[in-house]
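Dropping work.txt in here (compact mmCIF, C-alpha atoms):
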```
# COMPACT_ATOMS: atom_id res chain seq x y z
CA MET A 1 24.80 -15.82 -5.48
CA ALA A 2 22.19 -18.44 -6.39
CA GLU A 3 20.33 -17.70 -9.61
CA ARG A 4 16.85 -16.34 -9.07
CA LYS A 5 13.90 -18.44 -10.15
CA PRO A 6 11.75 -17.24 -13.08
CA ILE A 7 9.13 -14.64 -12.17
CA GLU A 8 5.68 -16.23 -12.05
CA SER A 9 3.78 -13.53 -10.14
CA TRP A 10 3.87 -9.74 -10.22
CA LEU A 11 3.09 -7.09 -7.64
CA THR A 12 3.12 -3.47 -8.71
CA ASP A 13 2.57 -0.14 -7.06
CA MET A 14 -0.10 2.05 -8.61
CA ASP A 15 0.80 5.76 -8.35
CA GLY A 16 4.02 6.53 -10.18
CA VAL A 17 4.10 3.13 -11.88
CA LEU A 18 0.76 2.65 -13.64
CA ILE A 19 -0.69 6.16 -13.32
CA HIS A 20 0.54 9.65 -12.55
CA GLU A 21 -1.90 12.32 -11.34
CA GLY A 22 -4.84 10.53 -12.90
CA ILE A 23 -3.20 9.79 -16.25
CA PRO A 24 -2.01 6.30 -17.32
CA ILE A 25 1.74 5.98 -17.79
CA PRO A 26 2.60 4.74 -21.31
CA GLY A 27 2.90 0.96 -21.27
CA ALA A 28 0.66 0.44 -18.23
CA ASP A 29 -2.27 -0.78 -20.32
CA SER A 30 -0.05 -3.22 -22.23
CA PHE A 31 1.42 -4.51 -18.96
CA ILE A 32 -1.97 -5.20 -17.37
CA LYS A 33 -3.36 -6.67 -20.59
CA LYS A 34 -0.47 -9.11 -20.95
CA LEU A 35 -0.76 -10.20 -17.32
CA ARG A 36 -4.42 -10.99 -17.86
CA GLU A 37 -3.78 -12.76 -21.19
CA THR A 38 -1.07 -15.00 -19.72
CA GLY A 39 -3.02 -15.73 -16.54
CA LYS A 40 -0.07 -14.85 -14.33
CA PRO A 41 -1.09 -13.99 -10.75
CA PHE A 42 -0.73 -10.28 -10.05
CA LEU A 43 -1.73 -7.51 -7.66
CA VAL A 44 -1.87 -3.75 -7.96
CA LEU A 45 -0.92 -2.30 -4.58
CA THR A 46 -1.47 1.08 -3.01
CA ASN A 47 -0.68 2.50 0.42
CA ASN A 48 -3.64 4.84 0.02
CA SER A 49 -6.48 3.59 2.23
CA ILE A 50 -9.16 6.04 1.07
CA TYR A 51 -10.74 3.87 -1.62
CA THR A 52 -12.15 0.36 -1.66
CA PRO A 53 -10.87 -2.04 -4.35
CA ARG A 54 -14.20 -1.59 -6.16
CA ASP A 55 -13.70 2.20 -6.15
CA LEU A 56 -10.17 1.81 -7.49
CA HIS A 57 -11.31 -0.64 -10.15
CA ALA A 58 -13.78 1.97 -11.42
CA ARG A 59 -11.22 4.79 -11.28
CA LEU A 60 -8.65 2.74 -13.19
CA ALA A 61 -11.25 1.62 -15.73
CA ARG A 62 -12.03 5.25 -16.53
CA MET A 63 -8.33 5.65 -17.34
CA GLY A 64 -8.37 2.64 -19.64
CA LEU A 65 -6.78 0.17 -17.21
CA ASP A 66 -8.88 -2.94 -16.65
CA VAL A 67 -7.79 -4.28 -13.26
CA PRO A 68 -10.24 -6.73 -11.63
CA VAL A 69 -11.32 -5.96 -8.07
CA GLU A 70 -9.65 -9.14 -6.78
CA ASN A 71 -6.31 -7.95 -8.17
CA ILE A 72 -6.22 -4.78 -6.07
CA TRP A 73 -4.59 -4.78 -2.64
CA THR A 74 -4.65 -1.72 -0.38
CA SER A 75 -3.06 -0.84 2.93
CA ALA A 76 -6.59 -0.85 4.40
CA LEU A 77 -7.03 -4.51 3.38
CA ALA A 78 -3.60 -5.38 4.79
CA THR A 79 -4.48 -3.60 8.04
CA ALA A 80 -7.80 -5.41 8.32
CA GLN A 81 -6.14 -8.77 7.64
CA PHE A 82 -3.57 -8.05 10.34
CA LEU A 83 -6.27 -7.16 12.88
CA ASP A 84 -8.30 -10.24 11.98
CA ASP A 85 -5.25 -12.41 12.58
CA GLN A 86 -4.34 -10.69 15.84
CA ARG A 87 -7.74 -10.20 17.45
CA PRO A 88 -10.66 -11.68 15.47
CA GLY A 89 -14.02 -10.02 16.01
CA GLY A 90 -12.51 -7.04 17.78
CA THR A 91 -13.47 -3.39 18.02
CA ALA A 92 -11.85 -0.28 16.61
CA TYR A 93 -12.14 3.47 16.51
CA ALA A 94 -11.29 4.28 12.90
CA ILE A 95 -10.25 7.56 11.34
CA GLY A 96 -10.44 7.27 7.57
CA GLU A 97 -12.63 6.84 4.54
CA ALA A 98 -14.71 4.03 3.04
CA GLY A 99 -11.63 2.03 2.02
CA LEU A 100 -10.73 1.53 5.68
CA THR A 101 -14.15 1.28 7.29
CA THR A 102 -15.40 -1.18 4.65
CA ALA A 103 -12.32 -3.39 5.13
CA LEU A 104 -12.89 -3.42 8.89
CA HIS A 105 -16.61 -4.18 8.53
CA ASP A 106 -15.82 -7.02 6.12
CA ILE A 107 -13.70 -8.82 8.73
CA GLY A 108 -16.47 -8.47 11.30
CA TYR A 109 -15.03 -5.61 13.33
CA ILE A 110 -17.31 -3.31 15.29
CA LEU A 111 -16.50 0.38 14.91
CA THR A 112 -16.94 2.22 18.19
CA ASP A 113 -15.48 4.98 20.33
CA GLN A 114 -16.30 3.12 23.55
CA GLU A 115 -13.20 1.32 24.88
CA PRO A 116 -12.09 -0.02 21.47
CA ASP A 117 -9.36 -2.63 21.15
CA TYR A 118 -7.62 -0.46 18.55
CA VAL A 119 -7.41 3.05 17.24
CA VAL A 120 -6.89 2.67 13.49
CA LEU A 121 -5.63 5.69 11.58
CA GLY A 122 -6.01 5.80 7.81
CA GLU A 123 -6.03 8.33 5.01
CA THR A 124 -8.60 11.09 4.69
CA ARG A 125 -8.67 14.55 3.18
CA THR A 126 -10.70 15.81 6.15
CA TYR A 127 -8.84 15.00 9.36
CA SER A 128 -10.84 16.62 12.14
CA PHE A 129 -9.48 18.03 15.39
CA GLU A 130 -12.34 16.33 17.23
CA ALA A 131 -11.52 12.89 15.82
CA LEU A 132 -7.80 13.27 16.56
CA THR A 133 -8.56 14.38 20.11
CA LYS A 134 -10.77 11.31 20.58
CA ALA A 135 -8.02 9.05 19.18
CA ILE A 136 -5.43 10.54 21.54
CA ARG A 137 -7.66 10.04 24.58
CA LEU A 138 -8.53 6.45 23.63
CA ILE A 139 -4.86 5.55 23.13
CA LYS A 140 -3.98 7.16 26.46
CA ALA A 141 -6.72 5.01 27.99
CA GLY A 142 -5.18 1.81 26.60
CA ALA A 143 -6.32 1.31 23.00
CA ARG A 144 -3.64 -0.10 20.71
CA PHE A 145 -2.46 2.27 17.95
CA ILE A 146 -2.47 0.99 14.34
CA CYS A 147 -1.85 2.95 11.12
CA THR A 148 -2.55 1.86 7.57
CA ASN A 149 0.70 3.31 6.23
CA PRO A 150 3.63 5.58 7.16
CA ASP A 151 3.51 7.92 4.13
CA VAL A 152 4.01 11.47 5.42
CA THR A 153 2.66 13.18 2.31
CA GLY A 154 0.38 12.32 -0.58
CA PRO A 155 0.19 13.74 -4.10
CA SER A 156 -2.36 16.20 -5.42
CA PRO A 157 -2.49 18.45 -8.49
CA GLU A 158 -1.87 21.44 -6.20
CA GLY A 159 1.12 19.86 -4.45
CA PRO A 160 1.83 17.53 -1.52
CA LEU A 161 -0.79 16.91 1.15
CA PRO A 162 -0.19 15.76 4.74
CA ALA A 163 -0.87 12.03 4.92
CA THR A 164 -1.23 9.29 7.53
CA GLY A 165 2.40 9.29 8.68
CA SER A 166 2.30 13.01 9.48
CA VAL A 167 -0.93 12.71 11.45
CA ALA A 168 0.40 9.62 13.23
CA ALA A 169 3.40 11.67 14.35
CA LEU A 170 1.04 14.21 15.92
CA ILE A 171 -0.78 11.45 17.84
CA THR A 172 2.52 9.87 18.90
CA LYS A 173 3.76 13.22 20.18
CA ALA A 174 0.59 13.64 22.23
CA THR A 175 0.48 10.07 23.61
CA GLY A 176 4.08 8.84 23.67
CA ILE A 177 2.84 5.73 21.80
CA ASP A 178 4.25 4.69 18.43
CA PRO A 179 1.84 3.03 15.98
CA TYR A 180 2.22 -0.24 14.13
CA PHE A 181 2.21 0.48 10.40
CA ALA A 182 0.63 -2.28 8.31
CA GLY A 183 1.36 -0.83 4.86
CA LYS A 184 4.57 -0.54 2.86
CA PRO A 185 7.45 -0.75 3.63
CA ASN A 186 6.22 -3.35 6.10
CA PRO A 187 6.74 -6.67 4.27
CA LEU A 188 3.54 -7.82 5.96
CA MET A 189 1.58 -6.04 3.23
CA MET A 190 3.53 -7.91 0.58
CA ARG A 191 3.20 -11.30 2.26
CA THR A 192 -0.53 -11.00 2.88
CA GLY A 193 -0.92 -9.84 -0.71
CA LEU A 194 1.06 -12.81 -2.02
CA ASN A 195 -1.09 -15.13 0.08
CA THR A 196 -4.28 -13.78 -1.50
CA ILE A 197 -3.09 -14.79 -4.98
CA GLY A 198 -1.36 -18.00 -3.91
CA ALA A 199 2.08 -16.74 -4.87
CA HIS A 200 5.52 -17.30 -3.35
CA SER A 201 8.12 -14.61 -2.80
CA GLU A 202 10.88 -16.64 -4.50
CA THR A 203 9.04 -16.48 -7.81
CA SER A 204 7.50 -13.01 -7.45
CA ALA A 205 8.59 -9.49 -8.30
CA MET A 206 7.67 -6.07 -6.95
CA ILE A 207 7.57 -2.98 -9.18
CA GLY A 208 7.66 0.45 -7.60
CA ASP A 209 8.76 4.04 -7.98
CA ARG A 210 9.94 4.57 -4.40
CA MET A 211 13.07 3.13 -2.84
CA ASP A 212 11.92 3.71 0.75
CA THR A 213 8.59 1.88 0.43
CA ASP A 214 8.16 -0.25 -2.70
CA VAL A 215 11.72 -1.51 -3.15
CA LEU A 216 12.35 -1.90 0.58
CA ALA A 217 9.11 -3.84 1.12
CA GLY A 218 9.82 -6.12 -1.82
CA LEU A 219 13.38 -6.69 -0.70
CA GLU A 220 12.38 -7.54 2.87
CA ALA A 221 9.68 -9.89 1.59
CA GLY A 222 12.31 -11.80 -0.41
CA MET A 223 11.13 -10.73 -3.86
CA GLN A 224 12.91 -9.44 -6.94
CA THR A 225 12.49 -5.68 -7.18
CA PHE A 226 12.18 -3.33 -10.14
CA LEU A 227 12.47 0.43 -9.75
CA VAL A 228 10.77 2.54 -12.42
CA LEU A 229 11.79 6.15 -12.98
CA THR A 230 8.30 7.50 -13.69
CA GLY A 231 7.61 8.45 -10.09
CA VAL A 232 9.44 10.11 -7.22
CA THR A 233 12.85 8.38 -7.32
CA THR A 234 15.58 9.53 -9.71
CA PRO A 235 18.76 7.59 -10.59
CA GLN A 236 20.73 10.04 -8.43
CA HIS A 237 18.59 9.18 -5.40
CA VAL A 238 19.22 5.44 -5.63
CA ASP A 239 22.81 5.62 -4.39
CA ARG A 240 21.68 7.39 -1.22
CA PHE A 241 20.13 4.16 0.05
CA PRO A 242 22.03 1.26 1.64
CA PHE A 243 20.11 -1.21 -0.55
CA ARG A 244 19.46 -1.45 -4.28
CA PRO A 245 16.67 -2.78 -6.48
CA SER A 246 17.29 -5.89 -8.54
CA LYS A 247 16.98 -3.73 -11.67
CA ILE A 248 16.24 -0.13 -12.62
CA VAL A 249 14.12 0.52 -15.72
CA ASP A 250 12.77 3.68 -17.30
CA SER A 251 9.11 2.69 -17.03
CA ILE A 252 6.58 -0.12 -16.79
CA ALA A 253 6.74 -0.37 -20.60
CA ASP A 254 10.20 -1.93 -20.26
CA LEU A 255 8.79 -4.87 -18.29
CA VAL A 256 6.01 -5.98 -20.64
CA ASP A 257 8.29 -8.41 -22.47
CA ARG A 258 9.36 -10.02 -19.17
CA ILE A 259 5.90 -11.36 -18.46
```

Output the file's structure in the form of structure tokens.
Amino acid sequence: MAERKPIESWLTDMDGVLIHEGIPIPGADSFIKKLRETGKPFLVLTNNSIYTPRDLHARLARMGLDVPVENIWTSALATAQFLDDQRPGGTAYAIGEAGLTTALHDIGYILTDQEPDYVVLGETRTYSFEALTKAIRLIKAGARFICTNPDVTGPSPEGPLPATGSVAALITKATGIDPYFAGKPNPLMMRTGLNTIGAHSETSAMIGDRMDTDVLAGLEAGMQTFLVLTGVTTPQHVDRFPFRPSKIVDSIADLVDRI
């Protein structure tokens, strides 16, 4: 195999890599600090579409992680970028929180429940039966079905919560229409993220704690991939997949010296 080029840009997942249940993972602050000191392009990615980058910047800052707003890339931003490329100035019926609706407003989309071009499903802790019924009827009437991410559950201190992928399955069952998922593991999220920081996949790396989203998305985008063991994937789980990360490390702390 041809030798990989040196890593000039870094993409990293957030939950399970930099933080865990609201607490920074040891080494995360050193990793972010060194990226900023060296001036290397980087992005912190999350499939969670609830928060805007400004919200996430504030949340991370309270944990001692100083990540600029422009270095945060969410599945809501990737979804909005996709819609802007596909149908500029369109309309959408959105189910989600400020992270999604703000991203859609920022690209000039009109949010409406009257014959929208798209039904866009994102993350929220308050999915309503009324909103889901409206989404089902609009999709049946011809609206295109888009989801921010395929994650079926999300973390909480009390245990797993149903997430976008689970709710999307309900809508699919009711309509017979499968959604297009813009977030990980779709490499689209990685490529649009790389474009925002002017990076190239050949000289970029993706760090994640999940084989089925982070590593797969990085692999399909042509990047080097690092799996950390501070999240959901254990060494025993790795061999269950037909693909492997470029390297497995214990935590983000092990990658500080590679910057």

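At a cut-off of 7 Å from (1.0, 5.7, 8.2), the residue set is Cys147, Thr148, Asn149, Pro150, Asp151, Thr164, Gly165, Ala168 and Phe181 of chain A (counting all atoms listed in the file).
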
_So that I can see what lies close to stretch 72-80 of chain A, please list as a ChimeraX atom specification the residues with an atom at most 6 Å from it, counting all atoms listed in the file and leaving out residues fewer than 2 positions away in the same chain._
/A:43-47,49,53,69-70,82-83,100,103-104,148,182-183,189

_Give me, as a list in words, all polymer residues having an atom no more than 12 Å from A:Val67, counting all atoms listed in the file and skipping those fewer than 5 positions away in the same chain._
Thr12, Met14, Leu18, Ala28, Asp29, Ser30, Phe31, Ile32, Lys33, Lys34, Leu35, Arg36, Phe42, Leu43, Val44, Leu45, Pro53, Arg54, Asp55, Leu56, His57, Ala58, Arg59, Leu60, Ala61, Arg62, Ile72 and Trp73 of chain A

*12 Å contact set for stretch 157-162 of chain A, only C-alpha atoms, chain neighbours under 2 positions out, as a PyMOL selection string*: chain A and resi 20-23+122-127+150-155+164-170

Please write the residues from the selection above to a file, keeping C-alpha atoms, as a CSV table (one decimal), in the coordinates of the input.
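File produced: result.csv:
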```csv
chain,number,residue,atom,x,y,z
A,20,HIS,CA,0.5,9.6,-12.6
A,21,GLU,CA,-1.9,12.3,-11.3
A,22,GLY,CA,-4.8,10.5,-12.9
A,23,ILE,CA,-3.2,9.8,-16.2
A,122,GLY,CA,-6.0,5.8,7.8
A,123,GLU,CA,-6.0,8.3,5.0
A,124,THR,CA,-8.6,11.1,4.7
A,125,ARG,CA,-8.7,14.6,3.2
A,126,THR,CA,-10.7,15.8,6.2
A,127,TYR,CA,-8.8,15.0,9.4
A,150,PRO,CA,3.6,5.6,7.2
A,151,ASP,CA,3.5,7.9,4.1
A,152,VAL,CA,4.0,11.5,5.4
A,153,THR,CA,2.7,13.2,2.3
A,154,GLY,CA,0.4,12.3,-0.6
A,155,PRO,CA,0.2,13.7,-4.1
A,164,THR,CA,-1.2,9.3,7.5
A,165,GLY,CA,2.4,9.3,8.7
A,166,SER,CA,2.3,13.0,9.5
A,167,VAL,CA,-0.9,12.7,11.4
A,168,ALA,CA,0.4,9.6,13.2
A,169,ALA,CA,3.4,11.7,14.4
A,170,LEU,CA,1.0,14.2,15.9
```

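Of the listed residues (A:Gln236, A:Ser156, A:Ser204, A:Thr230), A:Thr230 comes nearest to A:Ile19; the distances count only C-alpha atoms.
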
_Contact residues around A:Thr225 with all atoms listed in the file at 9 Å, ignoring same-chain residues under 3 positions, as a ChimeraX atom specification_ = /A:204-208,214-216,218-219,244-248

*For A:Thr175, work out the shell of residues within 9 Å, counting only C-alpha atoms and skipping chain neighbours fewer than 2 positions away, then give it as a VMD selection string.*
chain A and resid 136 to 137 139 to 140 170 to 173 177 to 178

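Distance annotation: of A:Thr233, A:Thr91, A:Thr38, A:Thr203, the residue with the minimal separation from A:Arg4 is A:Thr203; atom set is all atoms listed in the file.
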
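Going from atom CA of A:Ile197 over to atom CA of A:Ser9, you cover 8.7 Å.
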
*Between A:Ile95, A:Ile146, A:Ala174, A:Val119, which has the minimum distance to A:Ala131 (counting only C-alpha atoms)?*
A:Ile95
